[in-house]
Amino acid sequence: MGVKILVLGSGGREHALSWKLAQSDLVEHIYVCPGNGGTATNPKTTNLSRPLTPPYQELVCFAVQNEVSLVLPGPEEPLVLGVEKYFRKAHIMQWESPVFGPSELAARMEGSKAFSKEFMERHGIPTARFRTFSSAQVDDAVDYARNCGFRVVLKASGLAAGKGVLIPNSIDEAVEGLKQIMVANVFGAAGDQVVIEELLEGPEISVLAFSDGYTIVPLPAAQDHKRVGEGDTGPNTGGMGAYAPAPVANPATMDRIMKETLRPTVDGMRKEGFPFVGLLFTGFMLTHAGPKVLEYNVRFGDPETEALMLLLADDTDLAAILLACAERRLDSVQISTRRAFSVSVVLVSGGYPGPYPKGKHIEIGDIPSGVVVFHCGTALTGNQLVTSGGRVMAVTATAPTLEEALTLAYTACGKISFDGMAYRRDIAHRALTASKGLTYADAGVSVDAGNALVTAIKPYVHSTRRPGSDAEIGGFGGIFDLKATGYNDPVLVGGTDGVGTKLHIAIEVGLHDTVGIDLVAMSVNDLLVQGAEPLFFLDYYGCSKLDVTTAAEVVKGIAQGCRDAGCALIGGETAEMPGMYREGDYDLAGFAVGAVERHLILPRQDIVPGDVLLGIASSGLHSNGFSLVRKIVSLAGLSYSSPCPWDENISLGKHLLEPTRIYVKQVLPVAKAGLLKGMSHITGGGFIENIPRVLPKGLGCYIDVLTWSLPPVFHFLMQHGGVEPLQMARTFNNGIGLVVIVDKDQVERTLGLLRQGGNAPVYVVGEVTEKDGVEMRNLKYWATD
């Protein structure tokens with residue numbers, strides 16, 4: 001006795017599945033509910049007219065009475081609504097699930113974008129950065145969209161008939177889109193939760209894979225065409241065509257997809273108690289950082305299925321695959337595909353995807369060999385075939401090359417006619433364009449973007465000119481005329497540094513100019529402590545893909561830092577390196593050179609016990625300790641868009657990004673006057689590690705923390721991170737960014753000059769002692785303050 005299969009649905013996908021199933025020697029008969037004009041004439045196939053709504057009682061009774069062996073849902077809605085459980089409870093056959101498709105719990109992977117994104121996050125599956133908000137969190141969602149630091153995509157979490165995704169072009173559009181979804185309820189209950197995620201860029205592919213809950217076997221990757229117009233213009237549709245295999249999905253890419261996404265997905269779902277049985281259809285964006293999941297679907301795609309059915313080899317039995325999945329033995333069947341290409345071109349009604357007429361007579365001429373015409377929206381009225389939907393037919397062809405398959409498909413399109421018929425004539429244009437040869441841009445490197453950046457930053461760079469440099473860029477190297485500075489016996493001092501993981505906060509908040517100031521500050525302050533005047537600066541900017549606007553903001557900050565330090569920005573390097581960084585990330589490094597008269601080099605050798613330590617206030621955290629800071633913010637349950645706990649007029653992220661103070665203009669004149677014996681830049685390592693670097697061997701010092709007030713940000717870190725006071729002293733600057741050492745007889749004069757030279761407060765914080773190391777006095781008051 002052969003197998004009887006019940007297919008649910010009425011589109012081209014269901015016709016293609018029925019067409020392939022009818023070729024199986026295992027299959028006795030196929031029922032399609034409700035089917036279309038194509039399935040009505042398919043071999044071994046009968047259309048049914050039964051309600052396709054829960055609890056599916058009439059369909060279940062029909063299946064039991066007619067000894068249906070397997071149920072194959074086409075669209076997602078029945079699966080999300082739990083069709084699997086209704087048929088499973090009827091015990092149609094002896095195996096656990098008579099439905100080729102996931103349980104209601106597993107179908108949440110498509111039914112709830114919020115659920116699927118959280119699943120991906122739990123299992124480390126590559127996807128876009130995101131946050132989820134309930135409809136009651138409109139203000140929080142708007143705040144996140146404004147401050148997240150990247151272009152966003154707005155997704156209604158529930159099923160919205162393929163229309164629940166908005167791609168705003170500006171922050172204002174994003175805010176309006178959120179109000180439409182969360183307040184005006186344009187997507188109904190589907191918008192009860194909204195996912196705001198990062199807009200990914202790159203080629204998009206679809207990977208359809210069979211799974212029995214343990215094994216997963218992908219078919220060749222496909223690319224579809226959502227836009228109604230040629231050149232990917234106009235509104236989105238259900239799909240205007242597809243082709244497979246997509247050349248962009250090379251073997252290395254498919255290996256990554258299997259290793260990083262498909263295998264972890266199936267394993268994760270099983271371990272969480274809702275194993276996936278059926279066809280997992282995953283949309284990917286092939287970013288410079290690798291394949292990232294756009295979304296999961298829990299059923300066959302349309303029009304991808306039409307193209308893929310023609311690629312299944314003659315010795316591959318679709319019915320055997322479906323039954324093996326249902327019986328949890330997918331590894332026992334063979335799945336092979338032709339060494340060929342398949343193309344599907346969708347014919348649509350005039351006006352689609354807007355309002356369109358129905359009932360238009362369809363005429364089909366002689367279709368070339370190698371082409372199958374799958375019906376999507378057709379009906380039989382008597383013996384006449386007429387249109388009944390927006391997408392009417394999927395003309396599908398297979399051939400050894402993509403070009404041959406396209407020629408066959410478009411030749412067949414010319415044999416079909418109905419009033420208002422339209423179709424795209426550029427299906428597979430991406431693959432055809434790629435086949436013309438690679439460029440540097442195809443590898444992810446844009447020379448044009450680099451040139452645009454140089455043009456954008458020239459005014460910033462020019463603003464840093466000073467004696468010795470006209471601050472022009474564009475040559476192979478930067479030039480500086482040391483003679484023009486007026487030094488008599490100069491010694492050059494060089495320094496290099498970065499910004500560290502503070503960059504993560506800048507990227508998330510979307511505020512990039514302040515880290516440019518940080519970059520300069522970290523290097524020029526290191527020159528200053530040796531008594532040197534900063535003369536010129538060079539920067540390095542590395543990224544996966546160059547965003548001209550972001551990079552220009554960074555350089556704008558670098559130029560501001562150079563002006564504050566009195567040095568010229570004479571050059572730099574911008575490196576676009578696809579795959580080296582995550583999408584949207586960048587890294588910075590800076591290099592500064594200064595000069596000091598030989599007799600004024602610091603530290604001096606006459607530092608003695610009794611010399612006084614003056615502390616000059618920091619502007620905040622500066623640029624060290626941010627790995628710990630980020631950990632504490634996470635433990636505190638805060639985001640960078642949250643109001644700052646000690647200043648609700650500003651977000652936490654913006655406060656943490658307060659740039660490092662540059663001390664050159666306030667301190668350098670005092671150093672040139674010969675009043676300073678030594679200086680210490682309080683960076684990573686705090687007081688404990690940095691001050692001893694300038695003291696003669698055998699000497700130490702004490703720091704009395706009662707001589708200045710610990711700023712609120714450091715209280716926050718102690719409280720929420722449980723950081724001990726001594727650990728604070730060896731990690732952060734704690735409100736003192738620079739320590740200078742002066743003779744006890746010159747304290748008042750030095751204080752006066754420092755306070756006159758700048759706005760940063762100056763404190764007497766300690767003394768040089770005869771005991772090695774740094775004694776931190778009165779630390780207990782930090783814990784009790």
# chains A, B, ... in the order shown; residues from 1 in each chain; ligands from 1

call {"tool": "residues_around", "arguments": {"residues": "range 323-340 of chain A", "least_positions_apart": "2", "cutoff": "8 Å", "atoms": "only C-alpha atoms", "output": "ChimeraX atom specification"}}
result
/A:70,95-100,210-216,219,277-278,311-313,315-317,319-321,342,398-402

call {"tool": "residues_around", "arguments": {"residues": "Ala783 in chain A", "least_positions_apart": "5", "cutoff": "12 Å", "atoms": "only C-alpha atoms", "output": "list in words"}}
result
Val705, Leu710, Phe714, His715, Phe716, Leu717, Met718, Gln719, Gly722, Val723, Glu724, Pro725, Leu726, Gln727, Met728 and Asn778 of chain A

call {"tool": "residues_around", "arguments": {"residues": "Val739 in chain A", "least_positions_apart": "3", "cutoff": "6 Å", "atoms": "only C-alpha atoms", "output": "list in words"}}
result
Leu614, Gly615, Met679 and Ser680 of chain A

call {"tool": "write_last_selection", "arguments": {"atoms": "N, CA, C and O atoms", "output": "PDB file, in the first residue's frame"}}
result
ATOM      1  N   LEU A 614      51.452  67.159  43.553  1.00  0.00           N
ATOM      2  CA  LEU A 614      50.237  67.886  43.209  1.00  0.00           C
ATOM      3  C   LEU A 614      49.419  67.050  42.234  1.00  0.00           C
ATOM      4  O   LEU A 614      49.961  66.486  41.280  1.00  0.00           O
ATOM      5  N   GLY A 615      48.127  66.981  42.493  1.00  0.00           N
ATOM      6  CA  GLY A 615      47.248  66.221  41.607  1.00  0.00           C
ATOM      7  C   GLY A 615      46.358  67.155  40.815  1.00  0.00           C
ATOM      8  O   GLY A 615      45.733  68.055  41.371  1.00  0.00           O
ATOM      9  N   MET A 679      56.616  64.152  36.399  1.00  0.00           N
ATOM     10  CA  MET A 679      55.167  64.065  36.181  1.00  0.00           C
ATOM     11  C   MET A 679      54.788  62.614  35.922  1.00  0.00           C
ATOM     12  O   MET A 679      55.579  61.848  35.349  1.00  0.00           O
ATOM     13  N   SER A 680      53.580  62.256  36.306  1.00  0.00           N
ATOM     14  CA  SER A 680      53.055  60.910  36.062  1.00  0.00           C
ATOM     15  C   SER A 680      51.646  61.018  35.494  1.00  0.00           C
ATOM     16  O   SER A 680      50.770  61.650  36.101  1.00  0.00           O
TER      17      SER A 680
END

call {"tool": "closest_residue", "arguments": {"among": "A:Gly231, A:Gly584, A:Gly572, A:Gly721", "to": "Gly477 in chain A", "atoms": "only C-alpha atoms"}}
result
A:Gly572

call {"tool": "residues_around", "arguments": {"residues": "Asp255 in chain A", "least_positions_apart": "4", "cutoff": "12 Å", "atoms": "only C-alpha atoms", "output": "PyMOL selection string"}}
result
chain A and resi 217-218+220-221+249-251+259-263+290-291

call {"tool": "closest_atom_pairs", "arguments": {"of": "range 681-752 of chain A", "to": "range 658-676 of chain A", "cutoff": "7 Å", "atoms": "only C-alpha atoms", "output": "JSON lines"}}
result
{"residue": "A:Val740", "atom": "CA", "partner": "A:Leu676", "partner_atom": "CA", "distance": 6.7}
{"residue": "A:Ile741", "atom": "CA", "partner": "A:Leu676", "partner_atom": "CA", "distance": 5.9}
{"residue": "A:Val742", "atom": "CA", "partner": "A:Leu676", "partner_atom": "CA", "distance": 5.2}
{"residue": "A:Thr750", "atom": "CA", "partner": "A:Leu675", "partner_atom": "CA", "distance": 6.8}

call {"tool": "write_last_selection", "arguments": {"atoms": "all heavy atoms", "output": "PDB file, in the first residue's frame"}}
result
ATOM      1  N   VAL A 740      52.097  65.837  39.462  1.00  0.00           N
ATOM      2  CA  VAL A 740      53.387  66.502  39.239  1.00  0.00           C
ATOM      3  C   VAL A 740      54.131  66.585  40.566  1.00  0.00           C
ATOM      4  O   VAL A 740      53.524  66.671  41.647  1.00  0.00           O
ATOM      5  CB  VAL A 740      53.212  67.902  38.618  1.00  0.00           C
ATOM      6  CG1 VAL A 740      52.441  67.811  37.309  1.00  0.00           C
ATOM      7  CG2 VAL A 740      52.509  68.853  39.578  1.00  0.00           C
ATOM      8  N   ILE A 741      55.457  66.530  40.486  1.00  0.00           N
ATOM      9  CA  ILE A 741      56.313  66.552  41.681  1.00  0.00           C
ATOM     10  C   ILE A 741      57.086  67.865  41.706  1.00  0.00           C
ATOM     11  O   ILE A 741      57.735  68.236  40.719  1.00  0.00           O
ATOM     12  CB  ILE A 741      57.286  65.360  41.671  1.00  0.00           C
ATOM     13  CG1 ILE A 741      56.504  64.037  41.591  1.00  0.00           C
ATOM     14  CG2 ILE A 741      58.187  65.380  42.909  1.00  0.00           C
ATOM     15  CD1 ILE A 741      57.387  62.812  41.389  1.00  0.00           C
ATOM     16  N   VAL A 742      56.976  68.581  42.831  1.00  0.00           N
ATOM     17  CA  VAL A 742      57.641  69.889  42.947  1.00  0.00           C
ATOM     18  C   VAL A 742      58.402  69.965  44.271  1.00  0.00           C
ATOM     19  O   VAL A 742      58.081  69.268  45.246  1.00  0.00           O
ATOM     20  CB  VAL A 742      56.621  71.045  42.862  1.00  0.00           C
ATOM     21  CG1 VAL A 742      55.881  71.010  41.539  1.00  0.00           C
ATOM     22  CG2 VAL A 742      55.624  70.996  44.019  1.00  0.00           C
ATOM     23  N   THR A 750      53.974  77.124  42.170  1.00  0.00           N
ATOM     24  CA  THR A 750      53.533  76.169  41.151  1.00  0.00           C
ATOM     25  C   THR A 750      52.013  76.051  41.119  1.00  0.00           C
ATOM     26  O   THR A 750      51.391  76.035  40.050  1.00  0.00           O
ATOM     27  CB  THR A 750      54.157  74.786  41.417  1.00  0.00           C
ATOM     28  OG1 THR A 750      55.587  74.922  41.475  1.00  0.00           O
ATOM     29  CG2 THR A 750      53.780  73.804  40.316  1.00  0.00           C
TER      30      THR A 750
END

call {"tool": "select_by_dssp", "arguments": {"residues": "range 376-528 of chain A", "states": "alpha helix (DSSP H)", "output": "PyMOL selection string"}}
result
chain A and resi 402-413+429-434+447-462+502-509+513-528

call {"tool": "residues_around", "arguments": {"residues": "Gly698 in chain A", "least_positions_apart": "4", "cutoff": "8 Å", "atoms": "only C-alpha atoms", "output": "number ranges by chain"}}
result
A: 770-772

call {"tool": "residues_around", "arguments": {"residues": "Gly12 in chain A", "least_positions_apart": "4", "cutoff": "12 Å", "atoms": "only C-alpha atoms", "output": "ChimeraX atom specification"}}
result
/A:8,16-19,35-39,74-75,238-241,300-307,309,344-347,372-378,389-396

call {"tool": "atom_distance", "arguments": {"atom1": "CA of Gly773 in chain A", "atom2": "CA of Gly700 in chain A"}}
result
4.7 Å

call {"tool": "residues_around", "arguments": {"residues": "Pro368 in chain A", "least_positions_apart": "6", "cutoff": "9 Å", "atoms": "only C-alpha atoms", "output": "PyMOL selection string"}}
result
chain A and resi 408-409+411-412

call {"tool": "select_by_dssp", "arguments": {"residues": "range 386-608 of chain A", "states": "strand (DSSP E)", "output": "NGL selection string"}}
result
:A and (386-387 or 391-399 or 416-417 or 490-498 or 533-543 or 568-576 or 586-597)

call {"tool": "atom_distance", "arguments": {"atom1": "CA of Ala422 in chain A", "atom2": "CA of Cys33 in chain A"}}
result
27.4 Å

call {"tool": "decode", "arguments": {"residues": "range 295-313 of chain A", "atoms": "N, CA, C and O atoms", "output": "CSV table (one decimal), in the first residue's frame"}}
result
chain,number,residue,atom,x,y,z
A,295,GLU,N,16.6,36.0,9.6
A,295,GLU,CA,15.4,35.5,10.2
A,295,GLU,C,15.4,34.0,9.9
A,295,GLU,O,16.0,33.5,9.0
A,296,TYR,N,14.6,33.3,10.7
A,296,TYR,CA,14.2,31.9,10.5
A,296,TYR,C,12.8,31.8,10.0
A,296,TYR,O,11.9,32.6,10.4
A,297,ASN,N,12.6,30.9,9.1
A,297,ASN,CA,11.3,30.5,8.7
A,297,ASN,C,11.2,29.0,8.9
A,297,ASN,O,12.2,28.3,8.8
A,298,VAL,N,10.0,28.5,9.2
A,298,VAL,CA,9.9,27.1,9.6
A,298,VAL,C,9.1,26.3,8.5
A,298,VAL,O,8.5,25.3,8.8
A,299,ARG,N,9.3,26.7,7.2
A,299,ARG,CA,8.6,26.0,6.1
A,299,ARG,C,9.3,26.3,4.8
A,299,ARG,O,10.3,27.0,4.8
A,300,PHE,N,8.9,25.6,3.8
A,300,PHE,CA,9.5,25.8,2.5
A,300,PHE,C,9.3,27.3,2.0
A,300,PHE,O,8.2,27.8,2.3
A,301,GLY,N,10.3,27.9,1.4
A,301,GLY,CA,10.2,29.2,0.9
A,301,GLY,C,9.5,29.3,-0.4
A,301,GLY,O,9.5,28.3,-1.2
A,302,ASP,N,8.9,30.4,-0.8
A,302,ASP,CA,8.3,30.6,-2.1
A,302,ASP,C,8.7,32.0,-2.6
A,302,ASP,O,8.5,33.0,-1.9
A,303,PRO,N,9.5,32.0,-3.7
A,303,PRO,CA,9.6,31.1,-4.8
A,303,PRO,C,10.8,30.2,-4.8
A,303,PRO,O,11.1,29.6,-5.8
A,304,GLU,N,11.6,30.1,-3.7
A,304,GLU,CA,12.8,29.3,-3.7
A,304,GLU,C,12.5,27.9,-3.9
A,304,GLU,O,13.2,27.2,-4.6
A,305,THR,N,11.4,27.4,-3.4
A,305,THR,CA,11.0,25.9,-3.5
A,305,THR,C,10.9,25.5,-5.0
A,305,THR,O,11.3,24.4,-5.4
A,306,GLU,N,10.2,26.4,-5.8
A,306,GLU,CA,10.0,26.0,-7.2
A,306,GLU,C,11.4,25.8,-7.9
A,306,GLU,O,11.5,24.8,-8.6
A,307,ALA,N,12.3,26.7,-7.6
A,307,ALA,CA,13.7,26.5,-8.2
A,307,ALA,C,14.4,25.2,-7.7
A,307,ALA,O,15.0,24.5,-8.4
A,308,LEU,N,14.3,25.0,-6.4
A,308,LEU,CA,15.0,23.9,-5.8
A,308,LEU,C,14.4,22.5,-6.1
A,308,LEU,O,15.2,21.6,-6.2
A,309,MET,N,13.1,22.4,-6.3
A,309,MET,CA,12.6,21.1,-6.7
A,309,MET,C,13.1,20.6,-8.0
A,309,MET,O,13.3,19.4,-8.2
A,310,LEU,N,13.4,21.5,-8.9
A,310,LEU,CA,14.0,21.1,-10.2
A,310,LEU,C,15.5,20.7,-10.1
A,310,LEU,O,16.0,20.0,-10.9
A,311,LEU,N,16.1,21.1,-9.0
A,311,LEU,CA,17.5,20.8,-8.7
A,311,LEU,C,17.7,19.4,-8.1
A,311,LEU,O,18.8,18.9,-8.1
A,312,LEU,N,16.6,18.9,-7.4
A,312,LEU,CA,16.8,17.6,-6.8
A,312,LEU,C,17.0,16.5,-7.8
A,312,LEU,O,16.4,16.4,-8.9
A,313,ALA,N,18.0,15.7,-7.6
A,313,ALA,CA,18.4,14.7,-8.6
A,313,ALA,C,17.3,13.6,-8.7
A,313,ALA,O,16.4,13.4,-7.9
